[in-house]
Amino acid sequence: MQLKKIKIVAIGGGHGLGRVLSTLSFMGNKLTGIVTTTDNGGSTGRLRKRSSTIAWGDLRNCLTELVDENSIGSQLFNFRFKGEDELGGHNLGNLILYGLGKVQSSPMESITLVRSILRVKTKVLPMSETPTDLMAFYPEGRCRLGEMSVDEMPIMPTDLMLAPLVKAVEPCIEAIDDADLIILGPGSFLTSVVPPLLIMDIAKSIEKSNAHCVFIDNIVAENSPAAVLTLDEKLDWIERNIGCMPIDTVICQDKNTHSDRVKIICQDLAHNELPHYHDNEKLLHALEACVKGVSIDK
């Protein structure tokens with residue numbers, strides 16, 4: 001398998017990135033996940049309102065995708081409190097990471113400690129250690145603030161930025177510089193895939209990297225304004241907003257997908273029992289084809 005011989009960086013949000021990390025978990029420390037930290041909804045959002053902190057939910061989800069789902073660690077970090085009191089709706093893993101973030105000197109130290117507890121060899125990194133939110137602009141100049149609000153926009157924003165502007169953690173840049181393959185997605189285009197690319201040093205590192213960059217498209221249309229965009233419109237939007245278009249190949253499910261800009265690998269990616277999820281084995285097959293430079297069209 002070619003994938004075992006290379007170093008991979010996967011970038012995105014919790015559920016989509018979690019599937020990719022789970023698929024490639026056999027790679028151990030040759031795999032790095034760079035996680036979006038702009039979520040402001042649910043348990044994570046409540047913790048962010050309590051005090052200034054990065055969003056922990058997607059990081060927790062990615063970490064638990066890298067351990068046996070029947071393990072004590074997985075059950076502990078995925079446990080969610082029920083009820084209508086102050087704990088109701090909170091995820092225990094989020095609370096642990098939040099608490100460690102207050103005890104340790106940095107979010108990176110907290111994540112390193114949790115990786116040690118869960119025995120996770122793969123590096124899981126926040127896109128930044130500084131709290132930030134998404135800010136999206138309508139064509140006429142009005143804006144919306146916060147990840148939840150961005151996904152609810154009735155039309156595609158012309159521009160998306162981070163407020164405040166933040167820097168990436170240095171291990172993110174080191175991993176990108178050392179990568180042979182960079183994976184973007186799957187997940188919500190505006191709120192999972194794009195946010196790390198809005199960090200200038202991450203975008204510049206990807207642009208100058210010699211790694212092959214692949215974008216994994218969603219299996220079903222997402223519930224956001226990006227759902228109406230064609231593939232090339234997404235690529236054009238990325239280029240306008242980050243100043244470059246680093247994607248070389250797109251892996252997709254829809255056989256009608258075409259592009260004038262990138263190579264497309266099209267195959268069945270859907271999980272047999274959960275058709276909106278990417279199947280690990282099918283996704284692995286597509287990524288292997290991407291590395292080998294072989295098109296698949298079945």
# chains A, B, ... in the order shown; residues from 1 in each chain; ligands from 1

call {"tool": "residues_around", "arguments": {"residues": "Tyr98 of chain A", "least_positions_apart": "6", "cutoff": "8 Å", "atoms": "only C-alpha atoms", "output": "JSON, numbers by chain"}}
result
{"A": [47, 53, 56]}

call {"tool": "closest_atom_pairs", "arguments": {"of": "segment 68-178 of chain A", "to": "segment 218-224 of chain A", "cutoff": "9 Å", "atoms": "only C-alpha atoms", "output": "Markdown table"}}
result
| residue | atom | partner | partner_atom | distance |
| --- | --- | --- | --- | --- |
| A:Val150 | CA | A:Ser224 | CA | 8.2 |
| A:Asp151 | CA | A:Ser224 | CA | 5.0 |
| A:Glu152 | CA | A:Ser224 | CA | 6.3 |
| A:Met153 | CA | A:Ser224 | CA | 7.2 |
| A:Pro154 | CA | A:Ser224 | CA | 8.0 |
| A:Ile155 | CA | A:Ser224 | CA | 8.6 |
| A:Met156 | CA | A:Ser224 | CA | 8.4 |

call {"tool": "write_last_selection", "arguments": {"atoms": "N, CA and C atoms", "output": "compact mmCIF listing (two decimals), in the first residue's frame"}}
result
# COMPACT_ATOMS: atom_id res chain seq x y z
N VAL A 150 -23.29 31.36 10.29
CA VAL A 150 -22.79 31.26 8.91
C VAL A 150 -23.51 30.15 8.15
N ASP A 151 -23.68 28.99 8.79
CA ASP A 151 -24.36 27.87 8.12
C ASP A 151 -25.83 28.15 7.86
N GLU A 152 -26.41 29.14 8.57
CA GLU A 152 -27.83 29.47 8.40
C GLU A 152 -28.06 30.57 7.38
N MET A 153 -27.00 31.08 6.76
CA MET A 153 -27.15 32.17 5.78
C MET A 153 -27.97 31.69 4.58
N PRO A 154 -28.89 32.54 4.08
CA PRO A 154 -29.73 32.13 2.95
C PRO A 154 -28.99 32.13 1.62
N ILE A 155 -27.88 32.87 1.54
CA ILE A 155 -27.08 32.90 0.31
C ILE A 155 -25.61 32.73 0.67
N MET A 156 -24.82 32.41 -0.34
CA MET A 156 -23.38 32.22 -0.14
C MET A 156 -22.71 33.55 0.20

call {"tool": "select_by_dssp", "arguments": {"residues": "segment 141-184 of chain A", "states": "helix (DSSP H, G or I)", "output": "PyMOL selection string"}}
result
chain A and resi 147-151+170-178

call {"tool": "closest_residue", "arguments": {"among": "A:Ala286, A:Cys252, A:Leu95, A:Leu160", "to": "Phe137 of chain A", "atoms": "only C-alpha atoms"}}
result
A:Leu160

call {"tool": "closest_atom_pairs", "arguments": {"of": "segment 139-254 of chain A", "to": "segment 15-29 of chain A", "cutoff": "8 Å", "atoms": "only C-alpha atoms", "output": "Markdown table"}}
result
| residue | atom | partner | partner_atom | distance |
| --- | --- | --- | --- | --- |
| A:Gly185 | CA | A:Gly16 | CA | 6.2 |
| A:Pro186 | CA | A:Gly16 | CA | 4.8 |
| A:Gly187 | CA | A:Gly16 | CA | 4.8 |

call {"tool": "closest_residue", "arguments": {"among": "A:Val194, A:Ile251, A:Ile206, A:Glu147", "to": "Asp39 of chain A", "atoms": "only C-alpha atoms"}}
result
A:Glu147

call {"tool": "atom_distance", "arguments": {"atom1": "atom CA of Ser192 of chain A", "atom2": "atom CA of Gly12 of chain A"}}
result
5.1 Å
